[in-house]
Amino acid sequence: MLDEVMTAAYLRRISAGRPERPDLAALRHLHERHVLSVPFESLDYHLGKEIHYKDERIVEKIVHRRRGGACGELNSAFFFLLEALGFTVRLRHARVWIGGRLRDPYNHMTLTADIGGRCWLVDVGFGKGARYPIPLDTPEAQDDPHGVFSVRKVDERATDVLRDGKPQYRVYDDPTSLSDFDQVIHWYRTSPDSMLLQNMFCSLPTEEGWVMLKDDVLSVTRGKETATEKLADDAAVLDAYEKWFGITLDKRPTPSPYLRSSVRMAFEEK
């Protein structure tokens with residue numbers, strides 16, 4: 001569990017106040033601040049770095065190096081923060097829908113929080129996911145700044161999460177530990193079929209829309225309008241990382257040999 005010093009630093013990183021109690025209002029506040037503050041990005045997969053998700057090294061990356069990460073990093077770090085603040089939170093595994101097909105087991109990590117007898121889906125690591133937690137015990141659609149979210153029970157242990165009527169992923173109610181993701185993280189780091197190696201991206205929602213830098217192509221969405229620009233050189237790419245995401249790098253990441261410009265990830269699908 002995070003100590004008091006790291007917990008306070010984490011809250012400062014996401015510009016969140018320390019909650020008086022672990023209630024729904026606090027969870028919504030923390031969830032929103034995390035989503036708007038910490039980028040969803042795959043840079044370390046292209047930098048050849050180790051991916052940490054089972055201990056405080058991922059929190060150090062987010063808090064002190066002011067980086068982001070993919071789902072296993074962001075949601076595991078948020079798990080540590082919520083536990084330190086007294087929330088009853090559990091790890092869940094999920095399978096992502098991409099191109100109308102359900103992908104392999106354990107290819108997404110998410111969380112649930114139990115508050116007041118209700119179960120809430122907590123996910124700060126899915127790119128175009130919800131800004132706020134989603135209740136898992138009702139099929140009623142939930143309006144969110146990032147779309148209309150709903151859930152659909154598949155069976156006693158599985159639930160589909162939908163955005164604007166389109167399934168994003170299927171979350172499972174199985175006992176799950178961080179070590180259960182070891183093989184998947186290794187696959188994401190090494191396989192030619194890894195969508196994190198096929199895509200070098202950094203994405204962050206804003207109050208007005210969304211910003212994404214995919215290799216050297218910057219897309220800024222404000223409302224319904226998107227402006228796209230191919231950046232001129234390495235210096236322009238590094239400036240964009242710092243301006244839009246608060247990420248300072250010594251040099252531009254080198255794309256993996258598996259990078260594919262035509263690949264679309266789940267968080268890009270409308």
# chains A, B, ... in the order shown; residues from 1 in each chain; ligands from 1
>>> select_by_dssp(residues="region 27-221 of chain A", states="strand (DSSP E or B)", output="ChimeraX atom specification")
/A:40-41,69,89-98,101-102,108-115,118-122,134-135,142-144,147-155,158-163,166-172,201-205,209-214,217-221
>>> residues_around(residues="Arg189 (chain A)", least_positions_apart="5", cutoff="10 Å", atoms="only C-alpha atoms", output="NGL selection string")
:A and (44-46 or 48-51 or 183-184 or 194-197)
>>> write_last_selection(atoms="all heavy atoms", output="mmCIF file, in the first residue's frame")
data_model
loop_
_atom_site.group_PDB
_atom_site.id
_atom_site.type_symbol
_atom_site.label_atom_id
_atom_site.label_comp_id
_atom_site.auth_asym_id
_atom_site.auth_seq_id
_atom_site.Cartn_x
_atom_site.Cartn_y
_atom_site.Cartn_z
ATOM 1 N N ASP A 44 6.726 3.640 -23.591
ATOM 2 C CA ASP A 44 7.748 2.738 -23.045
ATOM 3 C C ASP A 44 7.828 1.430 -23.817
ATOM 4 O O ASP A 44 8.876 0.761 -23.804
ATOM 5 C CB ASP A 44 7.482 2.458 -21.566
ATOM 6 C CG ASP A 44 8.024 3.568 -20.678
ATOM 7 O OD1 ASP A 44 8.644 4.506 -21.207
ATOM 8 O OD2 ASP A 44 7.820 3.495 -19.453
ATOM 9 N N TYR A 45 6.760 1.043 -24.487
ATOM 10 C CA TYR A 45 6.807 -0.163 -25.314
ATOM 11 C C TYR A 45 7.747 0.047 -26.506
ATOM 12 O O TYR A 45 8.339 -0.903 -27.011
ATOM 13 C CB TYR A 45 5.405 -0.532 -25.800
ATOM 14 C CG TYR A 45 4.527 -1.096 -24.701
ATOM 15 C CD1 TYR A 45 3.823 -0.254 -23.844
ATOM 16 C CD2 TYR A 45 4.425 -2.465 -24.504
ATOM 17 C CE1 TYR A 45 3.034 -0.765 -22.830
ATOM 18 C CE2 TYR A 45 3.643 -2.992 -23.492
ATOM 19 C CZ TYR A 45 2.949 -2.135 -22.658
ATOM 20 O OH TYR A 45 2.180 -2.641 -21.633
ATOM 21 N N HIS A 46 7.890 1.279 -26.950
ATOM 22 C CA HIS A 46 8.777 1.592 -28.076
ATOM 23 C C HIS A 46 10.167 1.995 -27.606
ATOM 24 O O HIS A 46 11.119 1.921 -28.378
ATOM 25 C CB HIS A 46 8.144 2.692 -28.927
ATOM 26 C CG HIS A 46 6.847 2.271 -29.544
ATOM 27 N ND1 HIS A 46 6.771 1.707 -30.793
ATOM 28 C CD2 HIS A 46 5.583 2.272 -29.046
ATOM 29 C CE1 HIS A 46 5.503 1.397 -31.055
ATOM 30 N NE2 HIS A 46 4.776 1.733 -30.009
ATOM 31 N N GLY A 48 11.604 0.324 -25.308
ATOM 32 C CA GLY A 48 12.203 -0.934 -24.850
ATOM 33 C C GLY A 48 12.349 -1.032 -23.346
ATOM 34 O O GLY A 48 13.170 -1.804 -22.850
ATOM 35 N N LYS A 49 11.531 -0.285 -22.599
ATOM 36 C CA LYS A 49 11.640 -0.272 -21.146
ATOM 37 C C LYS A 49 10.778 -1.366 -20.515
ATOM 38 O O LYS A 49 9.806 -1.834 -21.107
ATOM 39 C CB LYS A 49 11.232 1.091 -20.598
ATOM 40 C CG LYS A 49 12.180 2.217 -20.992
ATOM 41 C CD LYS A 49 11.802 3.510 -20.319
ATOM 42 C CE LYS A 49 12.778 4.628 -20.669
ATOM 43 N NZ LYS A 49 14.118 4.371 -20.129
ATOM 44 N N GLU A 50 11.156 -1.752 -19.310
ATOM 45 C CA GLU A 50 10.342 -2.695 -18.537
ATOM 46 C C GLU A 50 9.015 -2.034 -18.187
ATOM 47 O O GLU A 50 8.956 -0.825 -17.928
ATOM 48 C CB GLU A 50 11.085 -3.087 -17.258
ATOM 49 C CG GLU A 50 10.453 -4.235 -16.505
ATOM 50 C CD GLU A 50 10.621 -5.566 -17.218
ATOM 51 O OE1 GLU A 50 11.578 -5.707 -18.009
ATOM 52 O OE2 GLU A 50 9.784 -6.448 -16.977
ATOM 53 N N ILE A 51 7.950 -2.820 -18.199
ATOM 54 C CA ILE A 51 6.627 -2.301 -17.865
ATOM 55 C C ILE A 51 6.297 -2.738 -16.437
ATOM 56 O O ILE A 51 6.178 -3.933 -16.159
ATOM 57 C CB ILE A 51 5.557 -2.817 -18.845
ATOM 58 C CG1 ILE A 51 5.930 -2.449 -20.286
ATOM 59 C CG2 ILE A 51 4.187 -2.253 -18.474
ATOM 60 C CD1 ILE A 51 6.072 -0.972 -20.558
ATOM 61 N N GLN A 183 1.748 -12.807 -18.369
ATOM 62 C CA GLN A 183 1.940 -13.327 -19.725
ATOM 63 C C GLN A 183 1.431 -12.345 -20.777
ATOM 64 O O GLN A 183 2.056 -12.184 -21.837
ATOM 65 C CB GLN A 183 1.244 -14.679 -19.877
ATOM 66 C CG GLN A 183 1.918 -15.806 -19.096
ATOM 67 C CD GLN A 183 1.271 -17.153 -19.364
ATOM 68 O OE1 GLN A 183 0.158 -17.235 -19.881
ATOM 69 N NE2 GLN A 183 1.967 -18.215 -19.023
ATOM 70 N N VAL A 184 0.329 -11.665 -20.476
ATOM 71 C CA VAL A 184 -0.230 -10.717 -21.441
ATOM 72 C C VAL A 184 0.706 -9.521 -21.618
ATOM 73 O O VAL A 184 0.949 -9.068 -22.748
ATOM 74 C CB VAL A 184 -1.628 -10.256 -20.998
ATOM 75 C CG1 VAL A 184 -2.122 -9.111 -21.865
ATOM 76 C CG2 VAL A 184 -2.606 -11.413 -21.073
ATOM 77 N N SER A 194 1.271 -7.364 -31.275
ATOM 78 C CA SER A 194 0.896 -6.471 -30.184
ATOM 79 C C SER A 194 0.440 -5.123 -30.732
ATOM 80 O O SER A 194 1.186 -4.430 -31.423
ATOM 81 C CB SER A 194 2.080 -6.260 -29.244
ATOM 82 O OG SER A 194 1.867 -5.147 -28.399
ATOM 83 N N MET A 195 -0.773 -4.719 -30.372
ATOM 84 C CA MET A 195 -1.273 -3.435 -30.854
ATOM 85 C C MET A 195 -0.575 -2.265 -30.164
ATOM 86 O O MET A 195 -0.638 -1.137 -30.653
ATOM 87 C CB MET A 195 -2.783 -3.362 -30.675
ATOM 88 C CG MET A 195 -3.520 -4.436 -31.451
ATOM 89 S SD MET A 195 -5.283 -4.137 -31.616
ATOM 90 C CE MET A 195 -5.296 -2.979 -32.969
ATOM 91 N N LEU A 196 0.095 -2.527 -29.045
ATOM 92 C CA LEU A 196 0.864 -1.467 -28.401
ATOM 93 C C LEU A 196 2.209 -1.250 -29.091
ATOM 94 O O LEU A 196 2.774 -0.158 -29.026
ATOM 95 C CB LEU A 196 1.075 -1.790 -26.918
ATOM 96 C CG LEU A 196 -0.201 -1.820 -26.082
ATOM 97 C CD1 LEU A 196 0.105 -2.242 -24.649
ATOM 98 C CD2 LEU A 196 -0.907 -0.468 -26.094
ATOM 99 N N LEU A 197 2.724 -2.275 -29.754
ATOM 100 C CA LEU A 197 3.928 -2.114 -30.570
ATOM 101 C C LEU A 197 3.594 -1.664 -31.990
ATOM 102 O O LEU A 197 4.403 -1.020 -32.652
ATOM 103 C CB LEU A 197 4.716 -3.425 -30.613
ATOM 104 C CG LEU A 197 5.352 -3.876 -29.304
ATOM 105 C CD1 LEU A 197 6.089 -5.205 -29.500
ATOM 106 C CD2 LEU A 197 6.308 -2.827 -28.758
#
>>> residues_around(residues="region 203-220 of chain A", least_positions_apart="5", cutoff="7 Å", atoms="only C-alpha atoms", output="PDB file with N, CA and C atoms, in the first residue's frame")
ATOM      1  N   LEU A  36      -8.345  13.053 -16.736  1.00  0.00           N
ATOM      2  CA  LEU A  36      -7.981  14.315 -17.372  1.00  0.00           C
ATOM      3  C   LEU A  36      -6.519  14.699 -17.159  1.00  0.00           C
ATOM      4  N   PRO A  39      -1.910  10.694 -19.129  1.00  0.00           N
ATOM      5  CA  PRO A  39      -2.113  10.226 -20.507  1.00  0.00           C
ATOM      6  C   PRO A  39      -2.197   8.707 -20.619  1.00  0.00           C
ATOM      7  N   PHE A  40      -2.974   8.289 -21.583  1.00  0.00           N
ATOM      8  CA  PHE A  40      -3.012   6.897 -22.025  1.00  0.00           C
ATOM      9  C   PHE A  40      -1.985   6.798 -23.142  1.00  0.00           C
ATOM     10  N   GLU A  41      -0.872   6.094 -22.904  1.00  0.00           N
ATOM     11  CA  GLU A  41       0.222   6.128 -23.875  1.00  0.00           C
ATOM     12  C   GLU A  41       1.029   4.837 -23.877  1.00  0.00           C
ATOM     13  N   GLY A 127      -8.277   4.834 -22.849  1.00  0.00           N
ATOM     14  CA  GLY A 127      -8.364   5.827 -23.910  1.00  0.00           C
ATOM     15  C   GLY A 127      -9.714   6.496 -23.898  1.00  0.00           C
ATOM     16  N   THR A 226     -12.016  18.394 -35.596  1.00  0.00           N
ATOM     17  CA  THR A 226     -10.700  17.815 -35.357  1.00  0.00           C
ATOM     18  C   THR A 226      -9.696  18.397 -36.337  1.00  0.00           C
ATOM     19  N   ALA A 227      -8.603  18.952 -35.789  1.00  0.00           N
ATOM     20  CA  ALA A 227      -7.507  19.451 -36.617  1.00  0.00           C
ATOM     21  C   ALA A 227      -6.344  18.474 -36.531  1.00  0.00           C
ATOM     22  N   THR A 228      -5.842  18.039 -37.676  1.00  0.00           N
ATOM     23  CA  THR A 228      -4.762  17.062 -37.737  1.00  0.00           C
ATOM     24  C   THR A 228      -3.545  17.675 -38.415  1.00  0.00           C
ATOM     25  N   GLU A 229      -2.376  17.430 -37.813  1.00  0.00           N
ATOM     26  CA  GLU A 229      -1.135  18.012 -38.329  1.00  0.00           C
ATOM     27  C   GLU A 229      -0.014  16.984 -38.271  1.00  0.00           C
ATOM     28  N   LYS A 230       0.706  16.821 -39.371  1.00  0.00           N
ATOM     29  CA  LYS A 230       1.909  15.997 -39.379  1.00  0.00           C
ATOM     30  C   LYS A 230       3.076  16.880 -38.954  1.00  0.00           C
ATOM     31  N   LEU A 231       3.691  16.535 -37.827  1.00  0.00           N
ATOM     32  CA  LEU A 231       4.736  17.378 -37.263  1.00  0.00           C
ATOM     33  C   LEU A 231       6.020  17.287 -38.087  1.00  0.00           C
ATOM     34  N   VAL A 237       7.924  17.100 -32.439  1.00  0.00           N
ATOM     35  CA  VAL A 237       7.287  15.989 -31.724  1.00  0.00           C
ATOM     36  C   VAL A 237       7.534  16.117 -30.228  1.00  0.00           C
TER      37      VAL A 237
END
>>> atom_distance(atom1="CA of Asp160 (chain A)", atom2="CA of Leu102 (chain A)")
10.5 Å
>>> atom_distance(atom1="CA of Thr112 (chain A)", atom2="CA of Trp187 (chain A)")
24.9 Å
>>> select_by_dssp(residues="region 68-267 of chain A", states="alpha helix (DSSP H)", output="PyMOL selection string")
chain A and resi 71-84+182-190+195-198+234-245
>>> closest_residue(among="A:Met109, A:Ile115, A:Val63, A:Met6", to="Leu24 (chain A)", atoms="only C-alpha atoms")
A:Ile115
>>> residues_around(residues="Val96 (chain A)", least_positions_apart="3", cutoff="7 Å", atoms="only C-alpha atoms", output="list of chain:residue names")
A:Leu102, A:Arg103, A:Asn107, A:His108, A:Gln168, A:Tyr169, A:Arg170
>>> write_last_selection(atoms="N, CA, C and O atoms", output="tab-separated table (two decimals), in the first residue's frame")
chain	number	residue	atom	x	y	z
A	102	LEU	N	-14.18	-10.14	-30.33
A	102	LEU	CA	-13.74	-10.14	-28.95
A	102	LEU	C	-12.31	-10.67	-28.89
A	102	LEU	O	-12.04	-11.79	-29.32
A	103	ARG	N	-11.39	-9.86	-28.38
A	103	ARG	CA	-9.98	-10.24	-28.35
A	103	ARG	C	-9.69	-11.24	-27.23
A	103	ARG	O	-10.58	-11.67	-26.51
A	107	ASN	N	-6.66	-9.27	-21.91
A	107	ASN	CA	-5.96	-8.24	-22.66
A	107	ASN	C	-6.36	-6.82	-22.22
A	107	ASN	O	-5.93	-5.84	-22.82
A	108	HIS	N	-7.16	-6.74	-21.16
A	108	HIS	CA	-7.45	-5.44	-20.55
A	108	HIS	C	-7.59	-5.63	-19.05
A	108	HIS	O	-8.16	-6.63	-18.59
A	168	GLN	N	-17.40	-2.00	-25.95
A	168	GLN	CA	-15.98	-1.67	-25.83
A	168	GLN	C	-15.19	-2.86	-25.32
A	168	GLN	O	-14.16	-3.21	-25.87
A	169	TYR	N	-15.66	-3.46	-24.22
A	169	TYR	CA	-14.99	-4.64	-23.69
A	169	TYR	C	-15.93	-5.43	-22.81
A	169	TYR	O	-16.99	-4.95	-22.40
A	170	ARG	N	-15.55	-6.67	-22.54
A	170	ARG	CA	-16.31	-7.59	-21.68
A	170	ARG	C	-15.52	-7.81	-20.41
A	170	ARG	O	-14.38	-8.29	-20.46
>>> closest_residue(among="A:Arg118, A:Arg57, A:Lys166, A:Arg66", to="Gly100 (chain A)", atoms="only C-alpha atoms")
A:Lys166
